[in-house]
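Engineer: Coordinates in start-v6.cif, mmCIF, C-alpha atoms and all ligand atoms, are listed below.
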```
data_data
loop_
_atom_site.label_atom_id
_atom_site.label_comp_id
_atom_site.auth_asym_id
_atom_site.auth_seq_id
_atom_site.Cartn_x
_atom_site.Cartn_y
_atom_site.Cartn_z
CA MET A 19 56.48 116.99 -166.46
CA LEU A 20 52.86 118.06 -166.26
CA GLY A 21 52.26 115.22 -163.84
CA MET A 22 54.56 116.81 -161.28
CA MET A 23 52.76 120.17 -161.24
CA ARG A 24 50.01 120.79 -158.77
CA PRO A 25 46.90 120.83 -160.96
CA PRO A 26 44.65 123.90 -161.02
CA ASN A 27 41.28 123.67 -159.33
CA PRO A 28 38.81 121.69 -161.47
CA PHE A 29 41.56 119.16 -162.10
CA ARG A 30 42.11 118.33 -158.43
CA PRO A 31 40.71 114.96 -157.36
CA GLY A 32 38.69 116.52 -154.54
CA THR A 33 36.77 118.96 -156.76
CA TRP A 34 33.97 116.65 -157.86
CA ARG A 35 32.20 115.35 -154.79
CA SER A 36 28.79 114.07 -155.83
CA PRO A 37 28.27 110.65 -154.22
CA LEU A 38 26.13 109.61 -157.19
CA ARG A 39 28.92 109.65 -159.76
CA GLY A 40 30.22 106.22 -160.59
CA PRO A 41 30.48 103.64 -163.35
CA TRP A 42 26.99 102.24 -162.73
CA LEU A 43 25.12 105.54 -163.11
CA THR A 44 27.23 106.50 -166.12
CA SER A 45 26.54 103.12 -167.70
CA VAL A 46 22.78 103.34 -167.21
CA LEU A 47 22.77 106.66 -169.07
CA ALA A 48 25.19 105.18 -171.62
CA VAL A 49 22.99 102.20 -172.42
CA VAL A 50 20.02 104.50 -173.06
CA LEU A 51 22.11 106.50 -175.53
CA LEU A 52 23.60 103.35 -177.04
CA VAL A 53 20.12 102.19 -178.03
CA THR A 54 18.63 105.53 -179.07
CA LEU A 55 21.42 107.56 -180.69
CA PRO A 56 21.77 105.06 -183.57
CA ILE A 57 18.05 105.63 -184.32
CA VAL A 58 18.64 109.39 -184.47
CA THR A 59 21.71 108.88 -186.66
CA ILE A 60 20.13 106.41 -189.06
CA THR A 61 16.93 108.44 -189.51
CA GLY A 62 19.12 111.48 -190.15
CA LEU A 63 21.12 109.70 -192.83
CA LEU A 64 17.87 108.37 -194.32
CA SER A 65 16.68 111.94 -194.62
CA TYR A 66 19.78 112.71 -196.65
CA SER A 67 18.92 109.79 -198.96
CA ALA A 68 15.28 110.89 -199.18
CA TYR A 69 16.42 114.26 -200.57
CA GLY A 70 17.52 112.48 -203.76
CA PRO A 71 21.33 112.58 -203.78
CA GLN A 72 21.19 110.82 -207.18
CA PHE A 73 19.90 114.13 -208.59
CA GLY A 74 22.47 116.19 -206.75
CA GLN A 75 19.72 117.77 -204.63
CA ALA A 76 20.74 116.44 -201.22
CA ILE A 77 22.86 118.96 -199.33
CA PRO A 78 25.86 118.83 -199.42
CA ALA A 79 25.65 117.47 -202.96
CA ASP A 80 29.17 116.16 -203.30
CA VAL A 81 30.27 114.25 -200.22
CA GLY A 82 33.10 112.22 -201.78
CA TRP A 83 33.69 108.91 -200.07
CA LEU A 84 31.03 109.71 -197.46
CA ARG A 85 28.45 108.94 -200.15
CA LEU A 86 25.67 106.67 -198.93
CA PRO A 87 24.57 103.67 -201.01
CA PRO A 88 22.09 105.08 -203.54
CA PHE A 89 18.48 103.90 -203.56
CA ASP A 90 15.11 105.26 -204.60
CA TRP A 91 13.26 106.64 -201.58
CA PRO A 92 9.95 104.70 -201.37
CA THR A 93 6.49 106.21 -201.87
CA ASP A 94 4.83 103.62 -199.60
CA PRO A 95 3.81 103.98 -196.88
CA ALA A 96 2.88 107.62 -197.44
CA TRP A 97 3.84 108.41 -193.83
CA LEU A 98 7.37 107.00 -194.15
CA TYR A 99 9.21 110.35 -194.11
CA ARG A 100 6.81 111.66 -191.51
CA LEU A 101 7.88 108.74 -189.31
CA THR A 102 11.62 108.79 -189.98
CA GLN A 103 12.01 112.55 -189.76
CA GLY A 104 9.57 112.88 -186.87
CA LEU A 105 11.63 110.29 -184.97
CA HIS A 106 14.87 112.03 -185.87
CA VAL A 107 13.78 115.39 -184.50
CA ILE A 108 11.64 114.27 -181.57
CA LEU A 109 14.05 111.63 -180.30
CA GLY A 110 16.99 113.96 -180.93
CA LEU A 111 15.37 116.62 -178.73
CA MET A 112 14.24 114.13 -176.08
CA LEU A 113 17.80 112.87 -175.68
CA VAL A 114 19.19 116.29 -174.80
CA PRO A 115 18.60 115.81 -171.04
CA VAL A 116 20.15 112.33 -171.22
CA VAL A 117 23.21 113.63 -173.07
CA LEU A 118 23.63 116.43 -170.52
CA ALA A 119 23.26 113.99 -167.61
CA LYS A 120 25.78 111.64 -169.20
CA LEU A 121 28.26 114.51 -169.60
CA TRP A 122 27.68 115.56 -166.00
CA SER A 123 28.32 112.01 -164.85
CA VAL A 124 31.77 111.95 -166.46
CA LEU A 125 32.80 115.56 -165.70
CA PRO A 126 35.81 114.55 -163.58
CA LYS A 127 37.17 112.73 -166.64
CA LEU A 128 37.03 115.96 -168.59
CA PHE A 129 39.42 117.43 -166.04
CA THR A 130 41.95 114.62 -165.58
CA TRP A 131 45.46 115.85 -164.91
CA PRO A 132 47.71 115.39 -166.74
CA PRO A 133 45.30 115.28 -169.72
CA PHE A 134 46.86 112.01 -170.92
CA ARG A 135 49.67 109.70 -169.88
CA SER A 136 50.28 107.65 -173.03
CA PRO A 137 49.73 107.85 -176.80
CA ALA A 138 46.92 105.30 -176.49
CA GLN A 139 45.21 107.45 -173.90
CA ALA A 140 45.73 110.55 -176.04
CA LEU A 141 43.98 108.72 -178.88
CA GLU A 142 41.14 107.73 -176.58
CA ARG A 143 40.73 111.34 -175.48
CA PHE A 144 40.72 112.46 -179.11
CA THR A 145 37.81 110.11 -179.87
CA LEU A 146 36.03 111.63 -176.86
CA LEU A 147 36.53 115.06 -178.38
CA LEU A 148 34.90 113.87 -181.62
CA LEU A 149 32.05 112.30 -179.67
CA VAL A 150 31.26 115.13 -177.28
CA GLY A 151 32.01 117.87 -179.80
CA GLY A 152 30.02 116.03 -182.46
CA VAL A 153 26.94 115.41 -180.34
CA LEU A 154 26.82 118.98 -178.99
CA PHE A 155 27.34 120.42 -182.48
CA GLU A 156 24.51 118.30 -183.91
CA ILE A 157 22.17 119.30 -181.09
CA VAL A 158 22.92 123.02 -181.42
CA THR A 159 22.69 123.15 -185.23
CA GLY A 160 19.56 120.98 -185.23
CA VAL A 161 17.75 123.06 -182.62
CA LEU A 162 18.67 126.35 -184.31
CA ASN A 163 17.43 125.06 -187.64
CA ILE A 164 14.07 124.09 -186.16
CA GLN A 165 13.58 127.34 -184.28
CA TYR A 166 14.80 129.82 -186.88
CA ASP A 167 15.27 129.13 -190.56
CA TYR A 168 18.64 129.75 -192.01
CA VAL A 169 20.40 131.63 -189.23
CA PHE A 170 23.82 130.31 -190.10
CA GLY A 171 26.57 131.90 -192.09
CA PHE A 172 27.12 128.38 -193.44
CA SER A 173 24.68 125.81 -194.80
CA PHE A 174 22.89 124.04 -191.97
CA TYR A 175 22.62 120.88 -194.04
CA THR A 176 26.32 120.73 -194.89
CA ALA A 177 27.36 121.35 -191.30
CA HIS A 178 24.85 118.87 -189.87
CA TYR A 179 25.85 116.18 -192.39
CA TYR A 180 29.59 116.38 -191.76
CA GLY A 181 28.97 116.86 -188.04
CA ALA A 182 27.04 113.57 -188.06
CA TRP A 183 30.06 111.70 -189.42
CA VAL A 184 32.38 113.27 -186.86
CA PHE A 185 29.95 112.26 -184.14
CA LEU A 186 29.61 108.77 -185.62
CA ALA A 187 33.40 108.25 -185.69
CA GLY A 188 33.59 109.26 -182.02
CA PHE A 189 30.54 107.18 -181.09
CA VAL A 190 31.76 103.97 -182.73
CA SER A 191 35.24 104.19 -181.22
CA HIS A 192 33.87 105.10 -177.81
CA VAL A 193 31.46 102.16 -177.81
CA ALA A 194 34.21 99.80 -178.97
CA LEU A 195 36.50 100.99 -176.17
CA LYS A 196 33.95 101.11 -173.36
CA LEU A 197 31.47 98.33 -174.05
CA PRO A 198 33.14 95.76 -171.75
CA ARG A 199 33.40 98.28 -168.92
CA MET A 200 29.82 99.35 -169.43
CA THR A 201 28.45 95.81 -169.23
CA ARG A 202 30.55 95.09 -166.15
CA ALA A 203 29.32 98.25 -164.45
CA LEU A 204 25.69 97.49 -165.31
CA ARG A 205 26.04 94.08 -163.69
CA SER A 206 27.60 95.59 -160.56
CA ARG A 207 24.26 96.81 -159.20
CA SER A 208 20.63 95.93 -159.67
CA LEU A 209 18.50 98.62 -161.31
CA ARG A 210 15.49 97.37 -159.42
CA ALA A 211 17.23 97.61 -156.05
CA GLU A 212 18.56 101.05 -156.97
CA LEU A 213 15.07 102.30 -157.77
CA ARG A 214 14.00 101.24 -154.28
CA THR A 215 16.88 102.98 -152.52
CA SER A 216 16.01 106.21 -150.73
CA ARG A 217 18.25 109.23 -150.46
CA ALA A 218 19.17 108.38 -146.85
CA GLU A 219 20.37 104.92 -147.87
CA THR A 220 22.29 106.18 -150.92
CA ARG A 221 26.02 105.34 -150.73
CA PRO A 222 28.79 105.98 -153.25
CA GLU A 223 29.81 103.21 -155.61
CA PRO A 224 33.09 101.45 -154.75
CA ALA A 225 36.21 103.29 -156.01
CA ASP A 226 36.80 102.66 -159.72
CA PRO A 227 39.96 102.72 -161.85
CA ASP A 228 38.46 105.46 -164.05
CA GLY A 229 38.15 107.86 -161.15
CA LEU A 230 34.46 108.59 -161.61
CA VAL A 231 33.74 107.85 -157.96
CA SER A 232 34.73 110.76 -155.74
CA PRO A 233 37.53 109.99 -153.26
CA ASP A 234 35.89 112.44 -150.87
CA PRO A 235 32.14 112.32 -151.52
CA GLU A 236 29.60 114.64 -149.94
CA PRO A 237 26.51 113.16 -148.32
CA ALA A 238 23.77 112.40 -150.86
CA THR A 239 21.26 115.17 -151.46
CA LEU A 240 19.47 113.01 -154.02
CA SER A 241 19.09 109.27 -154.56
CA ARG A 242 20.11 107.59 -157.82
CA ARG A 243 16.39 106.99 -158.29
CA GLY A 244 15.83 110.74 -157.94
CA ALA A 245 18.62 111.57 -160.38
CA LEU A 246 17.33 109.12 -162.99
CA GLY A 247 13.81 110.42 -162.34
CA ILE A 248 14.87 114.00 -163.10
CA VAL A 249 16.47 112.91 -166.36
CA ALA A 250 13.46 110.79 -167.32
CA GLY A 251 11.12 113.64 -166.38
CA GLY A 252 13.11 116.09 -168.50
CA THR A 253 13.00 113.71 -171.42
CA LEU A 254 9.26 113.18 -171.10
CA LEU A 255 8.68 116.91 -170.80
CA VAL A 256 10.62 117.60 -174.01
CA GLY A 257 8.73 114.74 -175.68
CA THR A 258 5.38 116.18 -174.59
CA LEU A 259 6.34 119.60 -175.90
CA THR A 260 7.45 118.10 -179.22
CA VAL A 261 5.43 115.12 -180.44
CA GLY A 262 2.38 117.26 -181.13
CA GLN A 263 4.00 118.83 -184.17
CA THR A 264 4.19 115.41 -185.79
CA ILE A 265 1.21 113.45 -184.55
CA GLY A 266 -1.13 116.43 -184.67
CA GLY A 267 -4.71 116.29 -183.40
CA ALA A 268 -5.18 117.37 -179.79
CA ALA A 269 -1.45 116.81 -179.17
CA ARG A 270 -0.75 119.78 -181.46
CA HIS A 271 -1.67 121.99 -178.48
CA THR A 272 1.19 120.65 -176.37
CA ALA A 273 3.87 121.48 -178.94
CA LEU A 274 4.47 124.78 -177.17
CA LEU A 275 8.11 125.26 -178.00
CA LEU A 276 7.88 124.70 -181.70
CA PRO A 277 7.28 127.36 -184.31
CA ARG A 278 5.06 125.15 -186.45
CA GLY A 279 3.45 123.10 -183.73
CA ARG A 280 0.50 125.44 -183.38
CA ASP A 281 -3.03 124.91 -184.46
CA LEU A 282 -3.83 127.66 -186.89
CA GLY A 283 -7.62 127.64 -187.21
CA THR A 284 -10.26 125.49 -188.80
CA GLY A 285 -10.47 126.70 -192.41
CA PRO A 286 -9.45 124.41 -195.27
CA ASN A 287 -6.13 126.23 -195.73
CA ASP A 288 -5.43 126.80 -192.04
CA PHE A 289 -2.38 124.63 -191.56
CA GLN A 290 1.36 125.18 -191.24
CA VAL A 291 3.07 127.24 -193.92
CA ASN A 292 6.77 126.77 -194.49
CA ARG A 293 7.41 129.83 -196.61
CA THR A 294 4.68 132.33 -197.37
CA ALA A 295 4.03 133.64 -200.87
CA ALA A 296 5.22 137.06 -199.71
CA ALA A 297 8.49 135.62 -198.38
CA ALA A 298 9.00 133.76 -201.64
CA GLY A 299 8.36 136.94 -203.65
CA ILE A 300 5.30 135.60 -205.46
CA GLU A 301 3.29 138.42 -207.03
CA ALA A 302 -0.44 138.49 -207.71
CA THR A 303 0.12 139.05 -211.44
CA GLN A 304 2.12 135.83 -211.72
CA VAL A 305 -0.73 133.71 -210.41
CA GLY A 306 -3.60 135.53 -212.14
CA PRO A 307 -5.62 134.33 -215.15
CA GLU A 308 -2.51 134.45 -217.38
CA TRP A 309 -0.81 131.72 -215.39
CA THR A 310 -0.18 128.58 -217.39
CA LEU A 311 1.50 125.32 -216.53
CA GLU A 312 4.15 124.23 -218.97
CA LEU A 313 4.71 120.52 -219.55
CA LEU A 314 8.10 119.79 -221.10
CA GLY A 315 10.09 116.78 -222.22
CA GLY A 316 7.71 115.53 -224.93
CA PRO A 317 7.73 116.20 -228.68
CA GLU A 318 6.64 119.78 -227.99
CA PRO A 319 5.72 121.85 -224.94
CA VAL A 320 2.14 121.60 -223.69
CA ARG A 321 0.52 124.56 -221.98
CA LEU A 322 -2.45 124.35 -219.67
CA SER A 323 -4.43 127.08 -217.95
CA ARG A 324 -5.76 126.45 -214.46
CA ALA A 325 -9.22 125.90 -215.91
CA GLY A 326 -7.73 123.47 -218.40
CA LEU A 327 -6.06 121.57 -215.57
CA ALA A 328 -9.24 121.51 -213.51
CA ALA A 329 -11.11 120.04 -216.49
CA LEU A 330 -8.76 117.02 -216.66
CA PRO A 331 -9.67 113.76 -214.91
CA GLY A 332 -9.00 114.47 -211.23
CA HIS A 333 -7.82 112.49 -208.27
CA ALA A 334 -7.85 113.09 -204.52
CA ALA A 335 -5.61 111.73 -201.77
CA THR A 336 -5.03 112.28 -198.07
CA LEU A 337 -1.30 112.84 -197.72
CA PRO A 338 1.10 114.41 -195.25
CA ILE A 339 3.53 117.23 -195.73
CA ALA A 340 6.47 116.22 -193.55
CA CYS A 341 9.21 118.80 -193.19
CA VAL A 342 12.86 118.10 -192.45
CA GLU A 343 12.32 120.24 -189.35
CA GLY A 344 10.21 117.44 -187.90
CA TRP A 345 6.71 118.95 -188.12
CA SER A 346 4.08 117.36 -190.29
CA THR A 347 0.46 117.87 -191.21
CA THR A 348 -1.91 115.56 -193.08
CA GLN A 349 -4.45 117.11 -195.45
CA HIS A 350 -6.87 116.07 -198.16
CA TRP A 351 -5.56 117.15 -201.56
CA ALA A 352 -7.21 117.14 -205.00
CA GLY A 353 -5.77 117.79 -208.43
CA VAL A 354 -4.33 115.98 -211.41
CA ARG A 355 -2.10 112.91 -211.28
CA LEU A 356 1.51 113.61 -212.23
CA ARG A 357 1.52 110.45 -214.35
CA ASP A 358 -1.47 111.77 -216.33
CA LEU A 359 0.45 114.99 -216.95
CA ALA A 360 3.42 112.93 -218.18
CA GLU A 361 1.11 111.17 -220.66
CA LEU A 362 -0.26 114.53 -221.75
CA ALA A 363 3.28 115.78 -222.30
CA GLY A 364 3.91 112.69 -224.40
CA VAL A 365 6.41 111.01 -222.09
CA HIS A 366 5.09 107.52 -221.44
CA ASP A 367 7.56 106.21 -218.94
CA PRO A 368 9.42 109.08 -217.34
CA ALA A 369 12.62 108.31 -215.42
CA SER A 370 12.27 111.55 -213.48
CA ALA A 371 10.49 114.89 -213.49
CA HIS A 372 11.97 118.30 -212.90
CA VAL A 373 9.53 120.73 -211.29
CA ARG A 374 10.11 124.48 -211.35
CA SER A 375 8.36 127.13 -209.30
CA LEU A 376 7.39 130.68 -210.18
CA GLN A 377 9.56 131.61 -207.23
CA ARG A 378 12.76 133.27 -208.37
CA GLY A 379 15.80 132.29 -206.37
CA GLY A 380 15.72 130.51 -203.04
CA ALA A 381 17.00 127.01 -202.49
CA PHE A 382 13.60 125.34 -202.81
CA ASN A 383 12.19 126.77 -206.01
CA GLN A 384 12.72 123.52 -207.91
CA ALA A 385 12.88 119.78 -207.30
CA THR A 386 13.53 116.58 -209.18
CA LEU A 387 11.22 113.62 -208.57
CA GLN A 388 12.14 109.95 -209.07
CA ALA A 389 10.17 107.69 -211.43
CA ASN A 390 8.27 105.99 -208.59
CA GLN A 391 7.32 109.42 -207.24
CA VAL A 392 5.98 110.57 -210.62
CA LEU A 393 4.10 107.34 -211.32
CA HIS A 394 2.42 106.73 -207.93
CA ALA A 395 -1.38 106.84 -208.25
CA ASP A 396 -1.60 109.42 -205.43
CA SER A 397 1.14 111.73 -206.71
CA LEU A 398 -0.58 114.96 -207.57
CA LEU A 399 -0.26 118.37 -208.96
CA ALA A 400 -2.74 119.64 -206.38
CA LEU A 401 -5.14 122.45 -207.16
CA ARG A 402 -7.33 122.13 -204.09
CA VAL A 403 -7.02 121.20 -200.45
CA ASN A 404 -9.81 120.14 -198.09
CA GLY A 405 -12.44 121.08 -200.65
CA ALA A 406 -11.20 124.62 -201.33
CA ASP A 407 -8.77 126.15 -203.81
CA LEU A 408 -5.22 126.23 -202.53
CA SER A 409 -4.44 129.47 -200.73
CA LEU A 410 -1.62 131.55 -202.13
CA ASP A 411 0.58 130.57 -199.18
CA HIS A 412 -0.01 126.87 -199.85
CA GLY A 413 1.04 127.16 -203.48
CA PHE A 414 -1.86 128.50 -205.59
CA PRO A 415 -2.37 128.00 -208.54
CA ALA A 416 -0.84 124.49 -208.25
CA ARG A 417 1.63 122.55 -206.11
CA VAL A 418 3.20 119.12 -205.97
CA ILE A 419 2.08 116.58 -203.38
CA VAL A 420 3.74 113.15 -203.44
CA PRO A 421 3.47 110.31 -200.88
CA ALA A 422 6.44 110.07 -198.48
CA LEU A 423 8.28 112.87 -200.25
CA PRO A 424 10.22 115.21 -197.92
CA GLY A 425 8.19 118.42 -197.55
CA VAL A 426 10.83 120.48 -199.27
CA HIS A 427 10.25 118.82 -202.63
CA ASN A 428 6.49 119.43 -202.64
CA THR A 429 7.09 122.50 -204.74
CA LYS A 430 4.57 125.34 -204.45
CA TRP A 431 3.53 127.84 -207.18
CA VAL A 432 4.51 125.39 -209.94
CA ARG A 433 5.42 126.94 -213.27
CA SER A 434 6.63 123.95 -215.30
CA ILE A 435 7.23 120.22 -215.14
CA GLU A 436 9.82 118.63 -217.37
CA PHE A 437 9.46 114.85 -217.71
CA ARG A 438 12.77 113.19 -218.44
CA ARG A 439 13.32 109.79 -220.00
CA ALA A 440 16.74 109.18 -218.46
N1 LIG B 1 8.42 127.18 -204.25
C1 LIG B 1 8.58 126.71 -203.00
N2 LIG B 1 7.99 125.55 -202.65
C2 LIG B 1 8.15 125.05 -201.39
C3 LIG B 1 8.95 125.72 -200.44
C4 LIG B 1 9.56 126.94 -200.83
O1 LIG B 1 10.27 127.59 -200.05
N3 LIG B 1 9.36 127.40 -202.11
N4 LIG B 1 9.11 125.17 -199.17
C5 LIG B 1 8.98 123.72 -199.12
C6 LIG B 1 9.03 123.18 -197.76
S1 LIG B 1 10.56 123.20 -196.98
C7 LIG B 1 7.95 122.58 -197.17
S2 LIG B 1 8.08 121.81 -195.69
C8 LIG B 1 6.62 122.61 -197.80
C9 LIG B 1 5.61 123.18 -196.85
O2 LIG B 1 4.37 123.33 -197.48
P1 LIG B 1 3.30 124.32 -196.86
O3 LIG B 1 3.98 125.64 -196.69
O4 LIG B 1 2.13 124.34 -197.77
O5 LIG B 1 2.94 123.70 -195.53
O6 LIG B 1 6.63 123.38 -199.00
C10 LIG B 1 7.73 123.20 -199.83
N5 LIG B 1 7.52 123.88 -201.08
MO MO B 2 10.41 121.86 -195.16
#
```
Would it be possible to restate this file's structure as C-alpha cells?
Ligand SMILES: Nc1nc2c(c(=O)[nH]1)N[C@H]1C(S)=C(S)[C@@H](COP(=O)(O)O)O[C@H]1N2
Ligand SMILES: [Mo]
Structural biologist:
Amino acid sequence: MLGMMRPPNPFRPGTWRSPLRGPWLTSVLAVVLLVTLPIVTITGLLSYSAYGPQFGQAIPADVGWLRLPPFDWPTDPAWLYRLTQGLHVILGLMLVPVVLAKLWSVLPKLFTWPPFRSPAQALERFTLLLLVGGVLFEIVTGVLNIQYDYVFGFSFYTAHYYGAWVFLAGFVSHVALKLPRMTRALRSRSLRAELRTSRAETRPEPADPDGLVSPDPEPATLSRRGALGIVAGGTLLVGTLTVGQTIGGAARHTALLLPRGRDLGTGPNDFQVNRTAAAAGIEATQVGPEWTLELLGGPEPVRLSRAGLAALPGHAATLPIACVEGWSTTQHWAGVRLRDLAELAGVHDPASAHVRSLQRGGAFNQATLQANQVLHADSLLALRVNGADLSLDHGFPARVIVPALPGVHNTKWVRSIEFRRA
C-alpha cells in the first residue's frame, strides 16, 4: 500500500546526493565506535558498581534483573575511579562527532520508503530506534549533567542507567546484524589508498544493496580523507577541551568548556568545589568550637572535639577526588585514619561504616563505606589539606577521603561515623 504512494521529499531516492556516502565510509566510522563505545559503556556500568549498590546507594537503587554482579570496588590503585570515570566522560564526549558523522552517513536509511517491507525488517528498524535513541539520550543527559547539576525533572542517574541498557540492547543487535556487512565493506577499499585520494579523484562507491550510495551523486566537494579529517579534528578538539579536567596540571587550562576544569588559584584550598558550604546550608555555628565528631557502633558512643581529633596519631596521603562528572583533582590530605577511629569506637573489624554529614537534606549528606575502604591505610577523616586546615567549602571541620572512592562518597562536614559489624 505505502509502497505504491509517491514518497514525500526526504524519502525520495534522489534527495541524498553526497558522493561520499557508502558502505565503506559508514563502516570506517562504525569500526571506531565498535571499539570505543564498549569502553564508554563498561566504565559507565563500573561507576554504578563503584557507588556501592550492595548498600542501596547506587542510583537507581532497585534495578530488578538489570542488577550487575556485586563486588567490592577496589581501593587500589587510588586513581582507579579517576581513570574509569575520566575515560567514561572524556571518551563519551570525544565520540560525539563520530556518532554524528555516523548518523549523517546513514541518513538515507532513516528515510527509506516504505519504512519497512517485512516483519524482520521492522524488527531491524526497531533495534535501530533503540540504538540511535539510546545513544543520543545518553549523550544529552550526560552532557547536561556535567554542565549543570540537577536540571532534570527526573533523576539523571536513573535515566542514564536505564538509557544505557536501551542503548546496549540496540548496540548488540545492530552489531550482530551488521558485522558481516561491515567487514566486507572495510575490505572493499584500502584505507591507505583512500587517505591519499584527493577531492578531484574522489568517486562514489559502487551501488550497494542498502542504498547508502546515491543513485544520482553530486560532484565531490570534499574527499573521504577530508571528511574523516574533519571528524578526527572534531574529536581531538573535544578531547583537548576536556582531558584537562582529569589530568590537571597545565592541561587544566585547556578544559575551557567544563565548569570544573578551571584552575582556581594557588592557595592550599584553591581547588574545585562540588557543593559549597552555603549551597549545602552549613552554618558557622554548626562548625564552631562546639562541633564534635560522634563515633557509633561500639559499646557506647565516643565523642571527639576537633582538637581531640588533631591530637590523635595522624596520617597523610596524596589522593584524588574524582567526581562522577569526570573532573578530578589530586591533593595532599592529612587527618586520622578511619581504621583508627573504628578501634577508638571499639569496633575491631568493621564490615562497613556509615558516615553522616551536618548537611541536612540533599542526596549526598551521607555515605556507606565498604570494609576495604574503612581499613585502607590511606583512608582518612581529613582535617587538613596541603598543609592548611580544610576550608569550609572543602568540608571543615572534617571530611572523608578514601582511595579510589567516587567523589560523591567523600562526605564533607562529617557529623558522625557509625561502624557496623555486618
Ligand atoms: N556533605 C556533602 N559532602 C559532599 C558533597 C555534598 O554535596 N555534600 N558532594 C560530594 C561530591 S559529588 C564530590 S565530587 C566531592 C567534591 O569535594 P570538593 O567539593 O571538596 O572538591 O564532595 C562530596 N562530598
Ligand atoms: Mo561528585
Engineer: Do you know which residues are within 12 Å of ligand MO 2 (chain B) using only C-alpha atoms and all ligand atoms? Can you write them as number ranges by chain?
Structural biologist: A: 65, 69, 99-100, 103, 163-164, 167-168, 278, 290-293, 338-347, 381-382, 423-430
Engineer: For the residues in the current selection, export C-alpha atoms as a PDB file, in the frame of the given file.
Structural biologist:
```
ATOM      1  CA  SER A  65      16.680 111.940-194.620  1.00  0.00           C
ATOM      2  CA  TYR A  69      16.420 114.260-200.570  1.00  0.00           C
ATOM      3  CA  TYR A  99       9.210 110.350-194.110  1.00  0.00           C
ATOM      4  CA  ARG A 100       6.810 111.660-191.510  1.00  0.00           C
ATOM      5  CA  GLN A 103      12.010 112.550-189.760  1.00  0.00           C
ATOM      6  CA  ASN A 163      17.430 125.060-187.640  1.00  0.00           C
ATOM      7  CA  ILE A 164      14.070 124.090-186.160  1.00  0.00           C
ATOM      8  CA  ASP A 167      15.270 129.130-190.560  1.00  0.00           C
ATOM      9  CA  TYR A 168      18.640 129.750-192.010  1.00  0.00           C
ATOM     10  CA  ARG A 278       5.060 125.150-186.450  1.00  0.00           C
ATOM     11  CA  GLN A 290       1.360 125.180-191.240  1.00  0.00           C
ATOM     12  CA  VAL A 291       3.070 127.240-193.920  1.00  0.00           C
ATOM     13  CA  ASN A 292       6.770 126.770-194.490  1.00  0.00           C
ATOM     14  CA  ARG A 293       7.410 129.830-196.610  1.00  0.00           C
ATOM     15  CA  PRO A 338       1.100 114.410-195.250  1.00  0.00           C
ATOM     16  CA  ILE A 339       3.530 117.230-195.730  1.00  0.00           C
ATOM     17  CA  ALA A 340       6.470 116.220-193.550  1.00  0.00           C
ATOM     18  CA  CYS A 341       9.210 118.800-193.190  1.00  0.00           C
ATOM     19  CA  VAL A 342      12.860 118.100-192.450  1.00  0.00           C
ATOM     20  CA  GLU A 343      12.320 120.240-189.350  1.00  0.00           C
ATOM     21  CA  GLY A 344      10.210 117.440-187.900  1.00  0.00           C
ATOM     22  CA  TRP A 345       6.710 118.950-188.120  1.00  0.00           C
ATOM     23  CA  SER A 346       4.080 117.360-190.290  1.00  0.00           C
ATOM     24  CA  THR A 347       0.460 117.870-191.210  1.00  0.00           C
ATOM     25  CA  ALA A 381      17.000 127.010-202.490  1.00  0.00           C
ATOM     26  CA  PHE A 382      13.600 125.340-202.810  1.00  0.00           C
ATOM     27  CA  LEU A 423       8.280 112.870-200.250  1.00  0.00           C
ATOM     28  CA  PRO A 424      10.220 115.210-197.920  1.00  0.00           C
ATOM     29  CA  GLY A 425       8.190 118.420-197.550  1.00  0.00           C
ATOM     30  CA  VAL A 426      10.830 120.480-199.270  1.00  0.00           C
ATOM     31  CA  HIS A 427      10.250 118.820-202.630  1.00  0.00           C
ATOM     32  CA  ASN A 428       6.490 119.430-202.640  1.00  0.00           C
ATOM     33  CA  THR A 429       7.090 122.500-204.740  1.00  0.00           C
ATOM     34  CA  LYS A 430       4.570 125.340-204.450  1.00  0.00           C
TER      35      LYS A 430
END
```
Engineer: Mind working out the centre and edge lengths of an axis-aligned box for ligand LIG 1 (chain B), all listed atoms inside, 4 Å added to each side, rounded to one decimal in Å and written as JSON?
Structural biologist:
```
{"center_x": 6.3, "center_y": 124.7, "center_z": -199.9, "size_x": 16.4, "size_y": 13.8, "size_z": 16.7}
```
Engineer: Could you check the closest approach to Val373 in chain A for each of A:Pro224, A:Gly283, A:Gly315, A:Pro78 and tell me which residue wins, using only C-alpha atoms?
Structural biologist: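 For Val373 in chain A, the nearest of the candidates is A:Gly315.
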Engineer: Choose the residue, out of A:Thr33, A:Gly181, A:Arg378, A:Ala400, that has the smallest atom-to-atom separation from Gln304 in chain A; count only C-alpha atoms.
Structural biologist: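 With only C-alpha atoms as the atom set, the closest residue is A:Arg378.
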Engineer: Mind pulling up the distance from CA of Gly251 in chain A to CA of Ser36 in chain A?
Structural biologist: 20.6 Å
Engineer: As a PDB file with C-alpha atoms, keeping the file's coordinate frame, please: the residues near Pro307 in chain A (cut-off 8 Å, only C-alpha atoms, same-chain neighbours under 2 positions excluded).
Structural biologist:
```
ATOM      1  CA  VAL A 305      -0.730 133.710-210.410  1.00  0.00           C
ATOM      2  CA  TRP A 309      -0.810 131.720-215.390  1.00  0.00           C
ATOM      3  CA  SER A 323      -4.430 127.080-217.950  1.00  0.00           C
ATOM      4  CA  ARG A 324      -5.760 126.450-214.460  1.00  0.00           C
TER       5      ARG A 324
END
```
Engineer: If I take CA of Ser397 in chain A and CA of Gly267 in chain A, how far is one from the other in Å, to one decimal?
Structural biologist: 24.5 Å
Engineer: Counting only C-alpha atoms and all ligand atoms, which of A:Gly380, A:Gly405, A:Gly160, A:Pro415 gets nearest to ligand LIG 1 (chain B)?
Structural biologist: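 For ligand LIG 1 (chain B), the nearest of the candidates is A:Gly380.
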Engineer: Counting all atoms listed in the file, which of A:Ala297, A:Leu399, A:Glu361, A:Glu308 gets nearest to ligand LIG 1 (chain B)?
Structural biologist: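 Ranked by minimum distance to ligand LIG 1 (chain B), first place goes to A:Ala297.
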Engineer: Extract, using only C-alpha atoms, all DNA, RNA and protein residues at most 10 Å from Ser206 in chain A, discarding same-chain residues fewer than 6 positions from it, and format them as a PyMOL selection string.
Structural biologist: chain A and resi 41-42+200+223-224
Engineer: With C-alpha atoms kept, could you save the residues just selected as a short mmCIF file (atom, residue, chain, number, x, y, z; two decimals), in the coordinates of the input?
Structural biologist:
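Below is the file that was written, again.cif:
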```cif
data_model
loop_
_atom_site.label_atom_id
_atom_site.label_comp_id
_atom_site.auth_asym_id
_atom_site.auth_seq_id
_atom_site.Cartn_x
_atom_site.Cartn_y
_atom_site.Cartn_z
CA PRO A 41 30.48 103.64 -163.35
CA TRP A 42 26.99 102.24 -162.73
CA MET A 200 29.82 99.35 -169.43
CA GLU A 223 29.81 103.21 -155.61
CA PRO A 224 33.09 101.45 -154.75
#
```
